[in-house]
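Engineer: Sharing a structure below in structure tokens format, with a few things to ask.
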Amino acid sequence: MLKLKNISYSVKTENGKLQILDNICLSFEKGKTYAITGHNGSGKSTLAKIIMGIIKPTSGSVELDGQDITSLSPTKRAKLGIAFAFQQPVRFKGVTIGDMLSVASKDSATFDDHCNNLSAVGLCAREYINRELDASLSGGELKRIELALALARKTPVNIFDEPEAGIDLWSFDALIGIFKKLKDKNYTNIIVSHQEKLLKTADEIVVISGGKVEKQGNPSDILKTLSTSAISCNRLRGEQ
Ligand SMILES: Nc1ncnc2c1ncn2[C@@H]1O[C@H](COP(=O)(O)OP(=O)(O)OP(=O)(O)O)[C@@H](O)[C@H]1O
Ligand SMILES: [Mg+2]
């Protein structure tokens with residue numbers, strides 16, 4: 001079980017202190033998929049980065065299976081089995097997609113495994129395996145490769161920050177299929193998303209508003225309260 005206990009995060013700006021996250025308490029169980037949603041700027045990516053250890057909370061703690069991991073680096077957290085797929089994936093010049101898949105699978109995977117993981121995200125292994133993970137890849141290709149790496153990793157805790165960003169409409173159902181596949185396994189998946197179709201695949205939706213948990217619950221209950229109307233947008237922003 002992954003637990004966030006009273007997580008707050010603030011930064012100093014020219015205009016004084018900016019409270020980005022305010023006393024967030026959440027528990028993520030094994031074998032369940034959680035969707036985190038909320039208005040732009042509500043604090044979702046910040047929360048995801050705190051779970052991965054990319055940024056440290058101003059106060060509060062992160063626990064994994066009873067161990068306090070708040071002070072651990074992202075590398076140490078990765079060794080404990082937490083993986084992160086960025087909203088804007090990082091490129092690595094000089095490293096091929098095949099190399100990255102081997103690293104992700106800790107060299108235990110065969111070429112066929114790489115092939116399966118690339119096909120699952122709609123990429124042909126023959127075309128991509130020897131390509132460099134560099135600026136020549138399109139944004140959508142890069143996002144797909146991140147997902148293939150997540151499938152290869154088989155880590156117990158997977159965090160995805162807007163996996164749908166840059167994925168074309170035609171491939172969206174395939175993306176849903178990937179999350180259903182990950183759901184079959186005994187993983188904790190945390191997906192930051194704005195897409196209703198993706199939110200529906202979760203066991204639980206957490207709505208963040210103004211750095212706080214506004215509500216959480218099963219998709220059918222939560223989605224009823226999140227219409228696309230302006231009123232609901234205002235509510236997500238924390239306005240009345
Ligand atoms: N270091 C920082 N200095 C100033 N403001 C920051 C800093 N880090 C984050 N913010 C602000 O905190 C807010 C939350 O950012 P965050 O990236 O978590 O939002 P988000 O919910 O992921 O939004 P989106 O849906 O657009 O991805 C934003 O208004 C952002 O500009
Ligand atoms: Mg974000």
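Each chain in the structure tokens gets a letter, A, B, ..., in the order shown, and its residues are numbered from 1; ligands are numbered from 1 in order too.
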Ligand 1: which residues are within 9 Å, counting only C-alpha atoms and all ligand atoms? Reply as number ranges by chain.
Structural biologist: A: 10-13, 18-21, 37-49, 87, 161-162, 192-194, 208-211
Engineer: Go ahead and save the picked residues with N, CA and C atoms, as a tab-separated table (two decimals), in the first residue's frame.
Structural biologist:
```
chain	number	residue	atom	x	y	z
A	10	SER	N	4.78	23.98	-0.93
A	10	SER	CA	4.68	25.40	-1.27
A	10	SER	C	6.02	25.87	-1.82
A	11	VAL	N	5.96	26.93	-2.61
A	11	VAL	CA	7.19	27.53	-3.14
A	11	VAL	C	7.17	29.03	-2.84
A	12	LYS	N	8.38	29.59	-2.82
A	12	LYS	CA	8.46	31.05	-2.62
A	12	LYS	C	8.45	31.71	-3.99
A	13	THR	N	7.61	32.68	-4.17
A	13	THR	CA	7.58	33.41	-5.44
A	13	THR	C	7.79	34.90	-5.14
A	18	LEU	N	3.53	30.49	-2.34
A	18	LEU	CA	2.46	29.90	-3.16
A	18	LEU	C	2.22	28.48	-2.68
A	19	GLN	N	1.01	28.23	-2.15
A	19	GLN	CA	0.66	26.89	-1.65
A	19	GLN	C	0.16	26.07	-2.83
A	20	ILE	N	0.93	25.08	-3.24
A	20	ILE	CA	0.53	24.29	-4.42
A	20	ILE	C	-0.26	23.05	-3.99
A	21	LEU	N	0.19	22.38	-2.94
A	21	LEU	CA	-0.58	21.25	-2.39
A	21	LEU	C	-0.82	21.52	-0.90
A	37	THR	N	-7.69	13.54	-11.34
A	37	THR	CA	-8.11	14.54	-12.32
A	37	THR	C	-8.31	15.89	-11.62
A	38	GLY	N	-8.57	16.89	-12.42
A	38	GLY	CA	-8.77	18.23	-11.86
A	38	GLY	C	-8.32	19.26	-12.87
A	39	HIS	N	-8.68	20.49	-12.59
A	39	HIS	CA	-8.41	21.59	-13.52
A	39	HIS	C	-6.90	21.77	-13.75
A	40	ASN	N	-6.53	22.37	-14.90
A	40	ASN	CA	-5.12	22.73	-15.15
A	40	ASN	C	-4.60	23.55	-13.98
A	41	GLY	N	-3.42	23.17	-13.51
A	41	GLY	CA	-2.80	23.94	-12.42
A	41	GLY	C	-3.30	23.58	-11.04
A	42	SER	N	-4.13	22.52	-10.93
A	42	SER	CA	-4.68	22.17	-9.60
A	42	SER	C	-3.66	21.45	-8.72
A	43	GLY	N	-2.58	20.94	-9.31
A	43	GLY	CA	-1.53	20.32	-8.51
A	43	GLY	C	-1.30	18.84	-8.78
A	44	LYS	N	-1.89	18.30	-9.85
A	44	LYS	CA	-1.80	16.86	-10.14
A	44	LYS	C	-0.37	16.39	-10.42
A	45	SER	N	0.31	17.11	-11.35
A	45	SER	CA	1.69	16.70	-11.69
A	45	SER	C	2.61	16.85	-10.49
A	46	THR	N	2.38	17.91	-9.70
A	46	THR	CA	3.20	18.13	-8.51
A	46	THR	C	3.04	16.93	-7.57
A	47	LEU	N	1.81	16.48	-7.40
A	47	LEU	CA	1.54	15.34	-6.53
A	47	LEU	C	2.24	14.08	-7.06
A	48	ALA	N	2.12	13.86	-8.39
A	48	ALA	CA	2.75	12.68	-9.00
A	48	ALA	C	4.27	12.73	-8.80
A	49	LYS	N	4.86	13.91	-8.95
A	49	LYS	CA	6.32	14.05	-8.79
A	49	LYS	C	6.73	13.84	-7.34
A	87	GLN	N	4.63	13.65	-18.14
A	87	GLN	CA	3.68	14.35	-19.02
A	87	GLN	C	4.40	14.72	-20.32
A	161	ASP	N	1.57	10.41	-16.04
A	161	ASP	CA	1.07	11.77	-16.06
A	161	ASP	C	0.55	12.10	-17.46
A	162	GLU	N	-0.75	12.18	-17.58
A	162	GLU	CA	-1.44	12.44	-18.84
A	162	GLU	C	-0.94	11.56	-19.98
A	192	VAL	N	-2.81	10.22	-14.05
A	192	VAL	CA	-3.29	11.60	-14.06
A	192	VAL	C	-3.90	11.83	-15.44
A	193	SER	N	-5.16	12.22	-15.48
A	193	SER	CA	-5.81	12.36	-16.78
A	193	SER	C	-6.97	13.35	-16.76
A	194	HIS	N	-7.27	13.86	-17.97
A	194	HIS	CA	-8.44	14.73	-18.13
A	194	HIS	C	-9.50	14.00	-18.95
A	208	ILE	N	-8.65	16.65	-7.66
A	208	ILE	CA	-7.82	17.65	-6.95
A	208	ILE	C	-8.31	19.03	-7.36
A	209	SER	N	-8.49	19.88	-6.40
A	209	SER	CA	-8.91	21.25	-6.68
A	209	SER	C	-8.13	22.20	-5.76
A	210	GLY	N	-7.45	23.15	-6.36
A	210	GLY	CA	-6.68	24.12	-5.57
A	210	GLY	C	-5.71	23.47	-4.60
A	211	GLY	N	-5.10	22.34	-5.01
A	211	GLY	CA	-4.10	21.67	-4.17
A	211	GLY	C	-4.67	20.79	-3.07
```
Engineer: Could you give me the residues within segment 174-238 of chain A that DSSP places in alpha helix (DSSP H), as a ChimeraX atom specification?
Structural biologist: /A:174-184,196-200,219-225,230-236
Engineer: Go ahead and save the picked residues with N, CA and C atoms, as a tab-separated table (two decimals), in the first residue's frame.
Structural biologist:
```tsv
chain	number	residue	atom	x	y	z
A	174	ALA	N	-6.85	1.87	-28.08
A	174	ALA	CA	-5.70	1.01	-27.81
A	174	ALA	C	-5.06	1.40	-26.48
A	175	LEU	N	-5.04	2.70	-26.22
A	175	LEU	CA	-4.48	3.21	-24.97
A	175	LEU	C	-5.31	2.69	-23.78
A	176	ILE	N	-6.62	2.72	-23.94
A	176	ILE	CA	-7.51	2.21	-22.89
A	176	ILE	C	-7.18	0.73	-22.66
A	177	GLY	N	-6.94	0.00	-23.78
A	177	GLY	CA	-6.61	-1.43	-23.71
A	177	GLY	C	-5.35	-1.66	-22.88
A	178	ILE	N	-4.37	-0.78	-23.03
A	178	ILE	CA	-3.11	-0.92	-22.29
A	178	ILE	C	-3.38	-0.80	-20.79
A	179	PHE	N	-4.21	0.16	-20.43
A	179	PHE	CA	-4.50	0.33	-19.00
A	179	PHE	C	-5.31	-0.83	-18.46
A	180	LYS	N	-6.17	-1.41	-19.31
A	180	LYS	CA	-6.92	-2.59	-18.86
A	180	LYS	C	-5.95	-3.74	-18.63
A	181	LYS	N	-4.93	-3.83	-19.52
A	181	LYS	CA	-3.93	-4.89	-19.41
A	181	LYS	C	-3.13	-4.73	-18.12
A	182	LEU	N	-2.73	-3.50	-17.84
A	182	LEU	CA	-1.97	-3.24	-16.60
A	182	LEU	C	-2.83	-3.52	-15.37
A	183	LYS	N	-4.13	-3.32	-15.52
A	183	LYS	CA	-5.06	-3.50	-14.41
A	183	LYS	C	-5.19	-4.97	-14.03
A	184	ASP	N	-5.01	-5.86	-15.03
A	184	ASP	CA	-5.13	-7.29	-14.76
A	184	ASP	C	-4.08	-7.74	-13.76
A	196	GLU	N	-12.35	11.45	-19.94
A	196	GLU	CA	-13.41	10.67	-19.29
A	196	GLU	C	-13.27	9.17	-19.53
A	197	LYS	N	-12.90	8.80	-20.79
A	197	LYS	CA	-12.79	7.37	-21.12
A	197	LYS	C	-11.73	6.70	-20.26
A	198	LEU	N	-10.63	7.41	-20.03
A	198	LEU	CA	-9.55	6.86	-19.18
A	198	LEU	C	-9.98	6.85	-17.72
A	199	LEU	N	-10.66	7.92	-17.29
A	199	LEU	CA	-11.11	8.00	-15.90
A	199	LEU	C	-12.02	6.81	-15.59
A	200	LYS	N	-12.82	6.42	-16.59
A	200	LYS	CA	-13.77	5.31	-16.40
A	200	LYS	C	-13.09	3.97	-16.15
A	219	PRO	N	-15.87	5.67	-10.20
A	219	PRO	CA	-16.09	6.49	-11.39
A	219	PRO	C	-17.55	6.86	-11.62
A	220	SER	N	-18.49	5.91	-11.42
A	220	SER	CA	-19.87	6.26	-11.75
A	220	SER	C	-20.38	7.40	-10.86
A	221	ASP	N	-20.01	7.38	-9.59
A	221	ASP	CA	-20.47	8.47	-8.71
A	221	ASP	C	-19.77	9.79	-9.04
A	222	ILE	N	-18.44	9.71	-9.22
A	222	ILE	CA	-17.67	10.95	-9.42
A	222	ILE	C	-17.97	11.59	-10.78
A	223	LEU	N	-18.06	10.74	-11.83
A	223	LEU	CA	-18.25	11.31	-13.17
A	223	LEU	C	-19.59	12.02	-13.30
A	224	LYS	N	-20.58	11.55	-12.54
A	224	LYS	CA	-21.89	12.23	-12.54
A	224	LYS	C	-21.74	13.68	-12.10
A	225	THR	N	-20.79	13.90	-11.20
A	225	THR	CA	-20.63	15.24	-10.64
A	225	THR	C	-19.70	16.11	-11.47
A	230	ALA	N	-19.50	24.76	-17.67
A	230	ALA	CA	-18.67	25.81	-17.08
A	230	ALA	C	-18.76	25.76	-15.57
A	231	ILE	N	-19.97	25.42	-15.07
A	231	ILE	CA	-20.16	25.39	-13.62
A	231	ILE	C	-19.17	24.40	-13.01
A	232	SER	N	-19.09	23.21	-13.66
A	232	SER	CA	-18.19	22.22	-13.06
A	232	SER	C	-16.73	22.64	-13.19
A	233	CYS	N	-16.39	23.35	-14.27
A	233	CYS	CA	-15.02	23.85	-14.41
A	233	CYS	C	-14.72	24.81	-13.27
A	234	ASN	N	-15.68	25.66	-12.98
A	234	ASN	CA	-15.48	26.61	-11.89
A	234	ASN	C	-15.30	25.88	-10.57
A	235	ARG	N	-16.09	24.80	-10.42
A	235	ARG	CA	-16.01	24.05	-9.17
A	235	ARG	C	-14.62	23.41	-9.04
A	236	LEU	N	-14.10	22.89	-10.19
A	236	LEU	CA	-12.77	22.28	-10.16
A	236	LEU	C	-11.71	23.31	-9.77
```
Engineer: Using only C-alpha atoms, I'd like a table of the residues in segment 45-104 of chain A that come within 10 Å of segment 114-125 of chain A; for each, show the closest atom pair and its distance in Å rounded to one decimal, ordered by chain and ascending number, as a Markdown table.
Structural biologist:
```
| residue | atom | partner | partner_atom | distance |
| --- | --- | --- | --- | --- |
| A:Ile97 | CA | A:His114 | CA | 9.4 |
| A:Gly98 | CA | A:His114 | CA | 7.3 |
| A:Leu101 | CA | A:His114 | CA | 6.6 |
| A:Ser102 | CA | A:His114 | CA | 8.0 |
```
Engineer: Pull N, CA and C atoms from the residues just selected and write them as an mmCIF file, in the first residue's frame.
Structural biologist:
```cif
data_model
loop_
_atom_site.group_PDB
_atom_site.id
_atom_site.type_symbol
_atom_site.label_atom_id
_atom_site.label_comp_id
_atom_site.auth_asym_id
_atom_site.auth_seq_id
_atom_site.Cartn_x
_atom_site.Cartn_y
_atom_site.Cartn_z
ATOM 1 N N ILE A 97 15.719 2.591 -28.672
ATOM 2 C CA ILE A 97 14.489 2.150 -28.009
ATOM 3 C C ILE A 97 14.674 0.721 -27.483
ATOM 4 N N GLY A 98 15.398 -0.102 -28.283
ATOM 5 C CA GLY A 98 15.696 -1.474 -27.837
ATOM 6 C C GLY A 98 16.504 -1.467 -26.542
ATOM 7 N N LEU A 101 14.243 -0.578 -23.682
ATOM 8 C CA LEU A 101 13.343 -1.688 -23.319
ATOM 9 C C LEU A 101 14.107 -2.748 -22.520
ATOM 10 N N SER A 102 15.383 -2.968 -22.888
ATOM 11 C CA SER A 102 16.201 -3.948 -22.152
ATOM 12 C C SER A 102 16.457 -3.468 -20.732
#
```
Engineer: Please identify which residues in segment 4-224 of chain A DSSP calls strand (DSSP E) from the backbone, and express them as a ChimeraX atom specification.
Structural biologist: /A:4-13,16-28,33-37,59-64,67-68,82-85,92-96,132-133,157-161,188-192,204-209,212-217
Engineer: Given only C-alpha atoms and all ligand atoms as the basis, pick out the residue of A:Ile191, A:Leu149, A:Val206, A:Ala109 nearest to ligand 2.
Structural biologist: A:Ile191
Engineer: So how many Å separate atom CA of Pro156 of chain A and atom CA of Leu80 of chain A, to one decimal?
Structural biologist: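 Pair atom CA of Pro156 of chain A / atom CA of Leu80 of chain A returns 8.7 Å.
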Engineer: Atom CA of Ala35 of chain A and atom CA of Ser105 of chain A are how many Å apart?
Structural biologist: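 Separation of atom CA of Ala35 of chain A and atom CA of Ser105 of chain A: 25.1 Å.
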Engineer: Would you mind telling me which residue in A:Ala165, A:Lys76, A:Gly53, A:Thr188 lies nearest to ligand 2 when using only C-alpha atoms and all ligand atoms?
Structural biologist: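 With only C-alpha atoms and all ligand atoms as the atom set, the closest residue is A:Ala165.
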Engineer: List the neighbours of Ile190 of chain A out to 7 Å using only C-alpha atoms; skip same-chain residues closer than 3 positions along the sequence, and give me the result as a list in words.
Structural biologist: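 That gives Thr33, Tyr34, Ala35, Asn158, Ile159 and Phe160 of chain A.
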Engineer: Next, write the just-selected residues to a file, as an mmCIF file, in the first residue's frame, keeping N, CA and C atoms as the atom set.
Structural biologist:
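Saved file part20.cif follows:
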```
data_model
loop_
_atom_site.group_PDB
_atom_site.id
_atom_site.type_symbol
_atom_site.label_atom_id
_atom_site.label_comp_id
_atom_site.auth_asym_id
_atom_site.auth_seq_id
_atom_site.Cartn_x
_atom_site.Cartn_y
_atom_site.Cartn_z
ATOM 1 N N THR A 33 -6.450 0.611 -9.727
ATOM 2 C CA THR A 33 -6.072 1.729 -10.589
ATOM 3 C C THR A 33 -6.797 2.984 -10.114
ATOM 4 N N TYR A 34 -6.017 4.044 -9.957
ATOM 5 C CA TYR A 34 -6.560 5.313 -9.486
ATOM 6 C C TYR A 34 -6.372 6.365 -10.573
ATOM 7 N N ALA A 35 -7.395 7.152 -10.805
ATOM 8 C CA ALA A 35 -7.262 8.268 -11.740
ATOM 9 C C ALA A 35 -7.282 9.553 -10.930
ATOM 10 N N ASN A 158 2.926 2.175 -10.676
ATOM 11 C CA ASN A 158 3.142 2.896 -11.936
ATOM 12 C C ASN A 158 2.368 4.200 -11.933
ATOM 13 N N ILE A 159 3.091 5.289 -12.198
ATOM 14 C CA ILE A 159 2.442 6.597 -12.237
ATOM 15 C C ILE A 159 2.527 7.120 -13.671
ATOM 16 N N PHE A 160 1.391 7.507 -14.208
ATOM 17 C CA PHE A 160 1.362 8.041 -15.575
ATOM 18 C C PHE A 160 0.799 9.447 -15.533
#
```
Engineer: What lies within 8 Å of Ser59 of chain A using only C-alpha atoms, ignoring chain neighbours under 3 positions off, as a compact mmCIF listing (two decimals) with C-alpha atoms, in the first residue's frame?
Structural biologist:
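Output file result.txt follows:
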```txt
# COMPACT_ATOMS: atom_id res chain seq x y z
CA ASN A 6 -0.62 15.20 5.12
CA ILE A 7 1.37 16.18 2.03
CA SER A 8 1.81 19.93 1.55
CA TYR A 9 4.01 21.69 -0.95
```
Engineer: For Glu63 of chain A, please output as a list in words all residues within 8 Å (counting only C-alpha atoms; exclusion window: fewer than 4 positions along the same chain).
Structural biologist: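 Near neighbours after the sequence-gap exclusion: Met1, Leu2, Lys3, Leu4, Lys5, Gln67, Asp68, Ile69 and Thr70 of chain A.
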Engineer: Store the residues picked out above in a file with C-alpha atoms, as an mmCIF file, in the first residue's frame.
Structural biologist:
```cif
data_model
loop_
_atom_site.group_PDB
_atom_site.id
_atom_site.type_symbol
_atom_site.label_atom_id
_atom_site.label_comp_id
_atom_site.auth_asym_id
_atom_site.auth_seq_id
_atom_site.Cartn_x
_atom_site.Cartn_y
_atom_site.Cartn_z
ATOM 1 C CA MET A 1 0.000 0.000 0.000
ATOM 2 C CA LEU A 2 1.224 3.486 -0.939
ATOM 3 C CA LYS A 3 0.224 6.228 1.489
ATOM 4 C CA LEU A 4 0.431 9.995 1.293
ATOM 5 C CA LYS A 5 0.168 11.482 4.761
ATOM 6 C CA GLN A 67 8.326 2.177 4.971
ATOM 7 C CA ASP A 68 8.768 5.960 5.118
ATOM 8 C CA ILE A 69 10.285 6.821 1.725
ATOM 9 C CA THR A 70 9.943 10.635 1.951
#
```
